[in-house]
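Taking it in order: structure first as structure tokens, then the write-up.
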2 protein chains.
Amino acid sequence: MRIGTSLLWTVFLSSFFLGAQYQVEKWDVFELQLNGKKEGNPFTEVQLTGKFYHRQDTVTVSGFYDGDGSYKLRFMPHKEGTWRYITESNDTQLHRQKGMFQCIPPKSGNHGPVAVKGTFHFAYADGKPFYPLGTTAYGWIQQKRETREKTLESLKKSPFNKIRVALLPHAPSGMDYDLYPYEGKVKDWDFTRFNVDYFARYERYIKEMQKLDIQVDLFVFHPYDKGVWGFDTMNKKEQYLYLKYVNARFGAFRNIWWSMANEFDLMLERTTEDWDGYFRFFQENDPYNRLRSIHNAANWYDHSKPWVTHVSAQSEAWWKSTTLRDTFKKPVLFDEFCYEGNGDNRTVALNGDMIRHRFWLMTILGAYATHGEAFQQKDTGFQFFRQGGNFEGSSAQELHVLKKVLNNIPGHLKPLGTDWRLNWIRAGVDKTYYLYYFGEYQNSSWTFMELPENLKYQADIIDTKTGTIVKQERTFGKGDKLDLPRKPYMAVVLRLAAQ
Amino acid sequence: MRIGTSLLWTVFLSSFFLGAQYQVEKWDVFELQLNGKKEGNPFTEVQLTGKFYHRQDTVTVSGFYDGDGSYKLRFMPHKEGTWRYITESNDTQLHRQKGMFQCIPPKSGNHGPVAVKGTFHFAYADGKPFYPLGTTAYGWIQQKRETREKTLESLKKSPFNKIRVALLPHAPSGMDYDLYPYEGKVKDWDFTRFNVDYFARYERYIKEMQKLDIQVDLFVFHPYDKGVWGFDTMNKKEQYLYLKYVNARFGAFRNIWWSMANEFDLMLERTTEDWDGYFRFFQENDPYNRLRSIHNAANWYDHSKPWVTHVSAQSEAWWKSTTLRDTFKKPVLFDEFCYEGNGDNRTVALNGDMIRHRFWLMTILGAYATHGEAFQQKDTGFQFFRQGGNFEGSSAQELHVLKKVLNNIPGHLKPLGTDWRLNWIRAGVDKTYYLYYFGEYQNSSWTFMELPENLKYQADIIDTKTGTIVKQERTFGKGDKLDLPRKPYMAVVLRLAAQ
């Protein structure tokens, strides 16, 4: 038995040699590396699982083959204290390997995985609210190094905390053609032999994104292959071999979300039963119960099915938030409501003001918006939503102030109003916090008739376009009038003052 | 018997003195003036009706007292040829007066009254489609002469063909205080004695607007009086005396529409039965069956009632057009979706781009929008939606190109798509005409995949903001790509070309 050196940040080798226990931060990854057989096809012939024990808890995880005789088991502990494990395999070298490690408290910045909280919202495992503020870059991890590093740099400077990413090769343009997910060659793949380097690269960037506190909404299938590489020609058995491999390699990373597909309904050859099956695979085999969704083009998958954790909609109809919430009783993400750009198609031709405006509207309506940018970058011709690279639009930058606002909300926003007339201007948290958004309206003032009796609030006026926040000197109660600058796109935050 | 001189344009006096028959244009007004008793209260004591005969048709109309012993009967003939009439009254001077006149064909520009056509639309009596493009000036006819003349001039230069007007005194500011609808004084009116000058002034402007081809959507009640003049304190009998007078004086003008009230639901003391009653009064007593509606603030009157001819909604939710159409199966007017301005309240603080944009969206969605402007005018402080005067915003001017487009549609637009995703970009008339609107999307092109097979269309690209129309040299068919200027707010008109 040997501890993998590639995941040094999880296991302290020094402790090992000193006879102390391995220490793994709660919600980080414990990785066990074992050597086994190289002969035949280790991907299909060798079964490996591990059982992890902590008092009454037992968690079973699948291992995977990482090439060159190396097998790995990855495990994310969710409780502090001593964990023991034992492996099980049809390869005697891998069978009944035992050990233990110590799960220590999470360090600052590690809030654990994100899950659904309170029907319509998300929170990290430690209770901190998670307000998705996502972007989109389907194929960026498949690009040449320079583009990948540039993308990472762009994400680092951006306000985004979630990204929609394709796992199978996406747009041909700009791809690093040396690296494919399978052995073989274009349109003649061996779907029983994974190219471990392809997956290792994804791991590297999943971890990089974890450092940036970015959730990775990873879609495992997509309809964009037709006639290009042939990765959409796996048979059903191969599809499940793939899912099993993906689950075993990536499932332990706390920032992973599973999306069954992008625009699933464009994969005409797959049936509802196929999609049900993929969902159920993750539901049954992912021990961490990571978030699960499916993303549509024009038609809907029935989001009321129990294995769907949240709505991941393609729709411009931001005003349907209420309908979607009421229908599915799940968090609503408008994961594609058109991208910022000036492309040939209106889905890639929304101006930056409207992108930013819809983010604020959806926030007030109790839903979440996802950004995407389709401008062709000057140096490469790449589009961020396809290849990553640089943001060239205005909205990515302008959304920083929304992130700042979201990060300072004391709980989860509840929309306060109907979608019929005026009232969707406002959301709040109990009586302690209110967020108003005036959008296209350039009021000269707002009189707070809708506030609770006898409570006073501190007020900030926010220009959502410029990011300017102006704190007000005095406090405001019911019936008080706040002067506004007669400009569109203003927001107001009210915070309960010391009374 | 004496022919009124105040309506010279309807009756040719010269013909009269020569012994020829009076001639009245079809859909114009024949007015009979009679002298009767002055004593007592002619408004309540004298009953006068006229029966007008044309072959099998008989139309009964009410007369009204116009002061100084003068009584009038107004009648709009809807068929050409000879009409004969006979009066009936409890005043012998007014009883059994007989006569005839000749109804001649309408002159150019006289298309008759507007009625509902084809469930969701309107047309003039001669079949010409009527696309409402309305504005709002509740109290303009109550202002001093200078403001009235200025308003008329503004309307003349505007694209609007409909206006929402209050009949009872509206905003105090700027009013001509010498002229009230009743005898008496503020808060102490004699609701049995009308001030005929007040009504005569309305007539004058109703006729002026008819010359400008503007429909007058006249609301007979409103909730803005509370504590100001007391016109909202009529008892039920007085309310119906008022409605009878209004119907008799104004009903014959072909550009009159009846609205029961503005923001009816703010008149808390009136019940649904009251509103039903007013509707039914017009339904039973207006021989021309003029359009009837009611306008809400926050709550709805049941628009499925048979006497409601169309929806006159206050709502910002332009995207609910589909819902409103499907629910009520009547034409949908968004008669107040917020006004252009920068006032203290967001209902009077929408910027001009958004006003214009919503007009185009509603057009594509098969509904109709109504303009209103709330900027305080530099010279007077008046707001157009209250007192009239000058338009100071941008949308009134920018809507000229929409009017131009609407006037050139060969029929009634049908929305072509759902409200769910992308498809509400387009409306059309059979296979002969299509209107696309790209709104906030700044596409570089549009490829016409949705056109019928084997037909070619002429294309105009319209910048809805600047009003520029660029005709395309070549024609376009299914699959052809039209280059667009990568700017928001573009529209495209396609017209079936000679094949």
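Residues are referred to by chain and number: the chain letter is A, B, ... according to the order shown in the structure tokens, the number counts from 1 in that chain, and ligands are numbered separately from 1 in the order shown.
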
Do you know which residues are at most 10 Å from Lys456 of chain B counting only C-alpha atoms, after dropping those on the same chain fewer than 3 positions away, and could you put them as a ChimeraX atom specification? /B:432,451-453,459,474-478,480,494-499

Could you write out that same residue set with C-alpha atoms as a PDB file, in the first residue's frame?
```pdb
ATOM      1  CA  THR B 432     -48.306  37.067 -46.625  1.00  0.00           C
ATOM      2  CA  LEU B 451     -40.718  30.567 -43.288  1.00  0.00           C
ATOM      3  CA  PRO B 452     -43.063  28.539 -45.521  1.00  0.00           C
ATOM      4  CA  GLU B 453     -41.506  26.487 -48.308  1.00  0.00           C
ATOM      5  CA  ALA B 459     -37.586  42.553 -46.300  1.00  0.00           C
ATOM      6  CA  ARG B 474     -32.943  40.931 -52.677  1.00  0.00           C
ATOM      7  CA  THR B 475     -35.816  38.730 -51.498  1.00  0.00           C
ATOM      8  CA  PHE B 476     -35.612  36.071 -48.780  1.00  0.00           C
ATOM      9  CA  GLY B 477     -36.997  32.571 -48.456  1.00  0.00           C
ATOM     10  CA  LYS B 478     -36.756  29.705 -46.009  1.00  0.00           C
ATOM     11  CA  ASP B 480     -31.920  32.543 -46.224  1.00  0.00           C
ATOM     12  CA  LEU B 494     -41.333  40.522 -44.471  1.00  0.00           C
ATOM     13  CA  ARG B 495     -43.881  40.967 -47.229  1.00  0.00           C
ATOM     14  CA  LEU B 496     -44.765  38.267 -49.735  1.00  0.00           C
ATOM     15  CA  ALA B 497     -43.040  39.159 -53.009  1.00  0.00           C
ATOM     16  CA  ALA B 498     -44.402  38.646 -56.491  1.00  0.00           C
ATOM     17  CA  GLN B 499     -43.282  35.019 -57.025  1.00  0.00           C
TER      18      GLN B 499
END
```

Counting only C-alpha atoms, which residues from chain A have an atom at most 7 Å from any atom of chain B, and could you show them as a ChimeraX atom specification? /A:315-317,342-346,349-351,420-421,440-446,486

N, CA and C atoms of the current selection, written as a short mmCIF file (atom, residue, chain, number, x, y, z; two decimals), in the first residue's frame:
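Done, and the output landed in selection_32.cif:
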```cif
data_model
loop_
_atom_site.label_atom_id
_atom_site.label_comp_id
_atom_site.auth_asym_id
_atom_site.auth_seq_id
_atom_site.Cartn_x
_atom_site.Cartn_y
_atom_site.Cartn_z
N SER A 315 -34.14 29.20 -20.51
CA SER A 315 -35.34 29.98 -20.76
C SER A 315 -35.03 31.45 -20.61
N GLU A 316 -35.56 32.24 -21.54
CA GLU A 316 -35.46 33.69 -21.40
C GLU A 316 -36.54 34.22 -20.48
N ALA A 317 -37.51 33.35 -20.17
CA ALA A 317 -38.71 33.81 -19.47
C ALA A 317 -38.45 33.90 -17.97
N ASN A 342 -22.87 39.53 -29.56
CA ASN A 342 -23.52 40.10 -30.74
C ASN A 342 -23.41 39.12 -31.90
N GLY A 343 -23.70 37.86 -31.58
CA GLY A 343 -23.52 36.78 -32.54
C GLY A 343 -24.62 36.72 -33.59
N ASP A 344 -24.61 35.65 -34.35
CA ASP A 344 -25.56 35.52 -35.46
C ASP A 344 -26.94 35.08 -34.99
N ASN A 345 -27.02 34.64 -33.77
CA ASN A 345 -28.26 34.08 -33.24
C ASN A 345 -28.62 34.87 -31.99
N ARG A 346 -29.92 35.08 -31.77
CA ARG A 346 -30.26 35.93 -30.62
C ARG A 346 -29.94 35.29 -29.27
N ALA A 349 -26.71 36.94 -28.26
CA ALA A 349 -26.68 38.34 -28.69
C ALA A 349 -27.41 39.28 -27.73
N LEU A 350 -27.29 39.00 -26.43
CA LEU A 350 -27.94 39.88 -25.46
C LEU A 350 -26.92 40.92 -25.00
N ASN A 351 -27.36 42.16 -24.83
CA ASN A 351 -26.39 43.16 -24.38
C ASN A 351 -26.14 43.05 -22.87
N TRP A 420 -47.63 39.57 -10.71
CA TRP A 420 -48.67 40.18 -11.53
C TRP A 420 -48.43 41.65 -11.82
N ARG A 421 -48.09 42.39 -10.79
CA ARG A 421 -48.01 43.82 -11.02
C ARG A 421 -46.72 44.41 -10.50
N GLU A 440 -35.59 49.00 -14.59
CA GLU A 440 -35.68 50.04 -15.63
C GLU A 440 -36.31 51.33 -15.10
N TYR A 441 -36.83 51.27 -13.89
CA TYR A 441 -37.57 52.41 -13.35
C TYR A 441 -36.61 53.41 -12.73
N GLN A 442 -36.78 54.67 -13.10
CA GLN A 442 -35.87 55.71 -12.64
C GLN A 442 -36.56 56.64 -11.64
N ASN A 443 -37.15 56.02 -10.63
CA ASN A 443 -37.85 56.77 -9.57
C ASN A 443 -36.97 57.85 -8.97
N SER A 444 -37.60 58.90 -8.53
CA SER A 444 -36.87 59.91 -7.77
C SER A 444 -36.86 59.57 -6.29
N SER A 445 -37.68 58.62 -5.88
CA SER A 445 -37.72 58.26 -4.45
C SER A 445 -38.46 56.94 -4.26
N TRP A 446 -38.40 56.44 -3.05
CA TRP A 446 -39.24 55.31 -2.65
C TRP A 446 -39.70 55.57 -1.22
N ARG A 486 -32.87 59.08 -9.69
CA ARG A 486 -33.54 59.18 -11.00
C ARG A 486 -32.75 58.50 -12.11
#
```

Could you please determine the separation between atom CA of Leu48 of chain A and atom CA of Trp307 of chain A in Å, to one decimal place? 25.8 Å

Surrounding residues of Trp300 of chain A excluding itself and chain neighbours under 6 positions, 12 Å, only C-alpha atoms, as a PyMOL selection string: (chain A and resi 263-266+272+275+293-294+311-315+324) or (chain B and resi 420-421)

Same residues, N, CA and C atoms, saved as an mmCIF file, in the first residue's frame:
```cif
data_model
loop_
_atom_site.group_PDB
_atom_site.id
_atom_site.type_symbol
_atom_site.label_atom_id
_atom_site.label_comp_id
_atom_site.auth_asym_id
_atom_site.auth_seq_id
_atom_site.Cartn_x
_atom_site.Cartn_y
_atom_site.Cartn_z
ATOM 1 N N GLU A 263 -28.744 20.597 -22.965
ATOM 2 C CA GLU A 263 -29.710 20.474 -24.064
ATOM 3 C C GLU A 263 -30.003 19.010 -24.390
ATOM 4 N N PHE A 264 -30.369 18.270 -23.344
ATOM 5 C CA PHE A 264 -30.603 16.832 -23.467
ATOM 6 C C PHE A 264 -31.555 16.490 -24.601
ATOM 7 N N ASP A 265 -32.539 17.369 -24.823
ATOM 8 C CA ASP A 265 -33.606 17.063 -25.786
ATOM 9 C C ASP A 265 -33.123 17.144 -27.233
ATOM 10 N N LEU A 266 -31.905 17.615 -27.435
ATOM 11 C CA LEU A 266 -31.347 17.586 -28.792
ATOM 12 C C LEU A 266 -30.659 16.248 -29.085
ATOM 13 N N THR A 272 -36.545 9.179 -22.588
ATOM 14 C CA THR A 272 -36.758 9.607 -21.194
ATOM 15 C C THR A 272 -36.235 8.540 -20.242
ATOM 16 N N TRP A 275 -32.579 8.937 -19.685
ATOM 17 C CA TRP A 275 -32.228 10.033 -18.756
ATOM 18 C C TRP A 275 -32.578 9.660 -17.328
ATOM 19 N N SER A 293 -29.016 17.547 -11.909
ATOM 20 C CA SER A 293 -29.949 18.307 -12.748
ATOM 21 C C SER A 293 -29.834 17.865 -14.203
ATOM 22 N N ILE A 294 -30.665 18.456 -15.028
ATOM 23 C CA ILE A 294 -30.624 18.205 -16.470
ATOM 24 C C ILE A 294 -31.038 19.502 -17.151
ATOM 25 N N VAL A 311 -34.014 22.856 -10.590
ATOM 26 C CA VAL A 311 -34.342 23.174 -11.980
ATOM 27 C C VAL A 311 -33.145 23.867 -12.617
ATOM 28 N N SER A 312 -32.707 23.339 -13.765
ATOM 29 C CA SER A 312 -31.595 23.946 -14.497
ATOM 30 C C SER A 312 -32.137 24.316 -15.879
ATOM 31 N N ALA A 313 -32.809 25.454 -15.942
ATOM 32 C CA ALA A 313 -33.606 25.782 -17.123
ATOM 33 C C ALA A 313 -32.849 26.572 -18.172
ATOM 34 N N GLN A 314 -33.085 26.236 -19.425
ATOM 35 C CA GLN A 314 -32.799 27.193 -20.473
ATOM 36 C C GLN A 314 -34.117 27.904 -20.771
ATOM 37 N N SER A 315 -34.137 29.197 -20.509
ATOM 38 C CA SER A 315 -35.338 29.976 -20.764
ATOM 39 C C SER A 315 -35.031 31.450 -20.607
ATOM 40 N N LEU A 324 -42.235 28.195 -12.036
ATOM 41 C CA LEU A 324 -41.327 27.063 -11.864
ATOM 42 C C LEU A 324 -41.193 26.681 -10.388
ATOM 43 N N TRP B 420 -42.966 30.885 -23.843
ATOM 44 C CA TRP B 420 -42.036 30.157 -22.992
ATOM 45 C C TRP B 420 -40.573 30.474 -23.278
ATOM 46 N N ARG B 421 -40.232 30.443 -24.548
ATOM 47 C CA ARG B 421 -38.800 30.588 -24.808
ATOM 48 C C ARG B 421 -38.525 31.644 -25.854
#
```

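In the backbone-derived DSSP annotation, alpha helix (DSSP H) within segment 120-157 of chain B comprises Arg145, Glu146, Thr147, Arg148, Glu149, Lys150, Thr151, Leu152, Glu153, Ser154, Leu155, Lys156 and Lys157 of chain B.
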
Could you take the residues named above and write them with C-alpha atoms, as a tab-separated table (two decimals), in the first residue's frame?
```tsv
chain	number	residue	atom	x	y	z
B	145	ARG	CA	-57.59	77.11	-23.25
B	146	GLU	CA	-53.86	77.50	-23.78
B	147	THR	CA	-53.13	74.03	-22.41
B	148	ARG	CA	-55.98	72.50	-24.39
B	149	GLU	CA	-54.77	73.96	-27.65
B	150	LYS	CA	-51.21	72.91	-26.89
B	151	THR	CA	-52.40	69.37	-26.14
B	152	LEU	CA	-54.34	69.19	-29.36
B	153	GLU	CA	-51.22	70.32	-31.22
B	154	SER	CA	-49.13	67.66	-29.42
B	155	LEU	CA	-51.66	64.97	-30.32
B	156	LYS	CA	-51.69	66.12	-33.92
B	157	LYS	CA	-47.91	65.63	-34.19
```

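Taking atom CA of Lys72 of chain A and atom CA of Thr87 of chain A as the two end points, the separation is 10.8 Å.
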
So that I can see what lies close to segment 57-60 of chain B, please list as a PyMOL selection string the residues with an atom at most 12 Å from it, counting only C-alpha atoms and leaving out residues fewer than 6 positions away in the same chain. chain B and resi 48-51+73-88+248+252+284-289

Picked from segment 454-483 of chain A by DSSP as strand (DSSP E), as a ChimeraX atom specification: /A:457-463,469-471,481-483

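Between atom CA of Asn161 of chain A and atom CA of Leu133 of chain A there is a distance of 5.6 Å.
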
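Residues surrounding Gln47 of chain B within 10 Å are Ser62, Gly63, Phe64, Tyr65, Glu88, Ser89, Asn90, Asp91, Leu94 and His95 of chain B [only C-alpha atoms; sequence separation below 6 positions excluded].
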
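Comparing B:Gln142, B:Val196, B:Leu435, B:Phe384 by their smallest distance to Asn408 of chain B, the closest is B:Leu435 (using only C-alpha atoms).
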
Pick out the residues sitting within 10 Å of Tyr131 of chain A, and hand them over as a PDB file with N, CA and C atoms, in the first residue's frame; count only C-alpha atoms, and ignore anything fewer than 3 positions along from it in its own chain.
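Contents of result08.pdb, as written:
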```pdb
ATOM      1  N   HIS A 121     -33.573  26.971  -2.025  1.00  0.00           N
ATOM      2  CA  HIS A 121     -32.245  27.578  -1.910  1.00  0.00           C
ATOM      3  C   HIS A 121     -31.158  26.538  -1.728  1.00  0.00           C
ATOM      4  N   PHE A 122     -29.935  27.045  -1.612  1.00  0.00           N
ATOM      5  CA  PHE A 122     -28.783  26.174  -1.412  1.00  0.00           C
ATOM      6  C   PHE A 122     -27.995  26.655  -0.203  1.00  0.00           C
ATOM      7  N   ALA A 123     -27.286  25.714   0.405  1.00  0.00           N
ATOM      8  CA  ALA A 123     -26.355  26.109   1.464  1.00  0.00           C
ATOM      9  C   ALA A 123     -25.184  25.131   1.458  1.00  0.00           C
ATOM     10  N   TYR A 124     -24.052  25.583   1.930  1.00  0.00           N
ATOM     11  CA  TYR A 124     -22.912  24.702   2.164  1.00  0.00           C
ATOM     12  C   TYR A 124     -23.237  23.822   3.368  1.00  0.00           C
ATOM     13  N   LYS A 128     -23.570  27.881   5.749  1.00  0.00           N
ATOM     14  CA  LYS A 128     -23.424  29.148   5.033  1.00  0.00           C
ATOM     15  C   LYS A 128     -24.283  29.114   3.768  1.00  0.00           C
ATOM     16  N   GLY A 134     -23.461  31.880 -11.416  1.00  0.00           N
ATOM     17  CA  GLY A 134     -22.677  31.015 -12.291  1.00  0.00           C
ATOM     18  C   GLY A 134     -22.283  31.641 -13.602  1.00  0.00           C
ATOM     19  N   ASN A 161     -19.248  31.939  -8.826  1.00  0.00           N
ATOM     20  CA  ASN A 161     -18.982  30.881  -7.850  1.00  0.00           C
ATOM     21  C   ASN A 161     -19.491  29.527  -8.342  1.00  0.00           C
ATOM     22  N   LYS A 162     -19.775  29.447  -9.636  1.00  0.00           N
ATOM     23  CA  LYS A 162     -20.279  28.201 -10.219  1.00  0.00           C
ATOM     24  C   LYS A 162     -19.991  28.288 -11.702  1.00  0.00           C
ATOM     25  N   THR A 363     -32.873  37.358  -8.980  1.00  0.00           N
ATOM     26  CA  THR A 363     -32.558  37.353  -7.546  1.00  0.00           C
ATOM     27  C   THR A 363     -33.782  37.765  -6.732  1.00  0.00           C
ATOM     28  N   ALA A 367     -35.085  33.245  -7.774  1.00  0.00           N
ATOM     29  CA  ALA A 367     -34.416  32.269  -8.638  1.00  0.00           C
ATOM     30  C   ALA A 367     -32.945  32.665  -8.767  1.00  0.00           C
ATOM     31  N   TYR A 368     -32.198  31.885  -9.541  1.00  0.00           N
ATOM     32  CA  TYR A 368     -30.778  32.156  -9.727  1.00  0.00           C
ATOM     33  C   TYR A 368     -30.460  32.185 -11.217  1.00  0.00           C
ATOM     34  N   ALA A 369     -29.588  33.097 -11.583  1.00  0.00           N
ATOM     35  CA  ALA A 369     -29.238  33.270 -12.988  1.00  0.00           C
ATOM     36  C   ALA A 369     -27.837  32.760 -13.261  1.00  0.00           C
ATOM     37  N   LYS A 403     -22.595  40.080  -6.226  1.00  0.00           N
ATOM     38  CA  LYS A 403     -21.965  39.087  -5.351  1.00  0.00           C
ATOM     39  C   LYS A 403     -21.763  39.662  -3.945  1.00  0.00           C
ATOM     40  N   LEU A 406     -25.058  39.684  -2.217  1.00  0.00           N
ATOM     41  CA  LEU A 406     -25.487  38.330  -1.854  1.00  0.00           C
ATOM     42  C   LEU A 406     -24.687  37.804  -0.659  1.00  0.00           C
ATOM     43  N   ASN A 407     -23.394  38.075  -0.676  1.00  0.00           N
ATOM     44  CA  ASN A 407     -22.550  37.567   0.403  1.00  0.00           C
ATOM     45  C   ASN A 407     -22.867  38.196   1.749  1.00  0.00           C
ATOM     46  N   ILE A 409     -26.086  38.881   2.802  1.00  0.00           N
ATOM     47  CA  ILE A 409     -27.479  38.655   3.198  1.00  0.00           C
ATOM     48  C   ILE A 409     -27.490  37.693   4.386  1.00  0.00           C
ATOM     49  N   HIS A 412     -31.534  33.343   3.654  1.00  0.00           N
ATOM     50  CA  HIS A 412     -31.981  33.145   2.281  1.00  0.00           C
ATOM     51  C   HIS A 412     -33.097  34.112   1.942  1.00  0.00           C
ATOM     52  N   LEU A 413     -32.960  34.766   0.815  1.00  0.00           N
ATOM     53  CA  LEU A 413     -33.945  35.740   0.361  1.00  0.00           C
ATOM     54  C   LEU A 413     -35.265  35.060   0.023  1.00  0.00           C
TER      55      LEU A 413
END
```

Using only C-alpha atoms, which protein or nucleic acid residues come within 12 Å of Met175 of chain B? Drop anything in the same chain fewer than 6 positions from it, and give the result as an NGL selection string. :B and (138-148 or 168-169 or 382 or 386-388)

Generate a file of the selected residues that holds N, CA and C atoms, formatted as an mmCIF file, in the first residue's frame.
```cif
data_model
loop_
_atom_site.group_PDB
_atom_site.id
_atom_site.type_symbol
_atom_site.label_atom_id
_atom_site.label_comp_id
_atom_site.auth_asym_id
_atom_site.auth_seq_id
_atom_site.Cartn_x
_atom_site.Cartn_y
_atom_site.Cartn_z
ATOM 1 N N TYR B 138 -55.687 62.355 -18.744
ATOM 2 C CA TYR B 138 -56.955 62.277 -18.036
ATOM 3 C C TYR B 138 -57.732 63.602 -18.057
ATOM 4 N N GLY B 139 -57.048 64.687 -17.656
ATOM 5 C CA GLY B 139 -57.800 65.908 -17.392
ATOM 6 C C GLY B 139 -57.578 67.032 -18.376
ATOM 7 N N TRP B 140 -57.052 66.730 -19.555
ATOM 8 C CA TRP B 140 -56.625 67.833 -20.431
ATOM 9 C C TRP B 140 -57.762 68.726 -20.874
ATOM 10 N N ILE B 141 -58.966 68.171 -21.020
ATOM 11 C CA ILE B 141 -60.086 68.984 -21.515
ATOM 12 C C ILE B 141 -60.589 69.919 -20.415
ATOM 13 N N GLN B 142 -60.157 69.663 -19.185
ATOM 14 C CA GLN B 142 -60.562 70.505 -18.048
ATOM 15 C C GLN B 142 -59.595 71.667 -17.815
ATOM 16 N N GLN B 143 -58.557 71.752 -18.644
ATOM 17 C CA GLN B 143 -57.541 72.793 -18.443
ATOM 18 C C GLN B 143 -57.943 74.107 -19.127
ATOM 19 N N LYS B 144 -57.137 75.122 -18.866
ATOM 20 C CA LYS B 144 -57.355 76.407 -19.531
ATOM 21 C C LYS B 144 -57.085 76.270 -21.030
ATOM 22 N N ARG B 145 -57.631 77.207 -21.787
ATOM 23 C CA ARG B 145 -57.587 77.108 -23.246
ATOM 24 C C ARG B 145 -56.177 76.864 -23.792
ATOM 25 N N GLU B 146 -55.222 77.593 -23.270
ATOM 26 C CA GLU B 146 -53.860 77.505 -23.779
ATOM 27 C C GLU B 146 -53.342 76.057 -23.715
ATOM 28 N N THR B 147 -53.584 75.412 -22.577
ATOM 29 C CA THR B 147 -53.125 74.030 -22.408
ATOM 30 C C THR B 147 -53.878 73.092 -23.348
ATOM 31 N N ARG B 148 -55.175 73.348 -23.492
ATOM 32 C CA ARG B 148 -55.976 72.497 -24.386
ATOM 33 C C ARG B 148 -55.474 72.584 -25.818
ATOM 34 N N LEU B 168 -65.174 63.334 -15.519
ATOM 35 C CA LEU B 168 -65.345 64.163 -14.318
ATOM 36 C C LEU B 168 -64.008 64.818 -13.963
ATOM 37 N N PRO B 169 -64.039 65.959 -13.306
ATOM 38 C CA PRO B 169 -62.792 66.681 -13.023
ATOM 39 C C PRO B 169 -61.724 65.786 -12.377
ATOM 40 N N PHE B 382 -46.783 70.731 -15.541
ATOM 41 C CA PHE B 382 -47.820 69.750 -15.847
ATOM 42 C C PHE B 382 -47.202 68.425 -16.306
ATOM 43 N N ARG B 386 -51.683 63.742 -16.915
ATOM 44 C CA ARG B 386 -52.711 64.413 -16.110
ATOM 45 C C ARG B 386 -53.347 65.586 -16.873
ATOM 46 N N GLN B 387 -52.502 66.580 -17.200
ATOM 47 C CA GLN B 387 -53.057 67.823 -17.754
ATOM 48 C C GLN B 387 -52.883 67.968 -19.251
ATOM 49 N N GLY B 388 -52.149 67.052 -19.894
ATOM 50 C CA GLY B 388 -51.822 67.265 -21.305
ATOM 51 C C GLY B 388 -50.684 68.261 -21.429
#
```
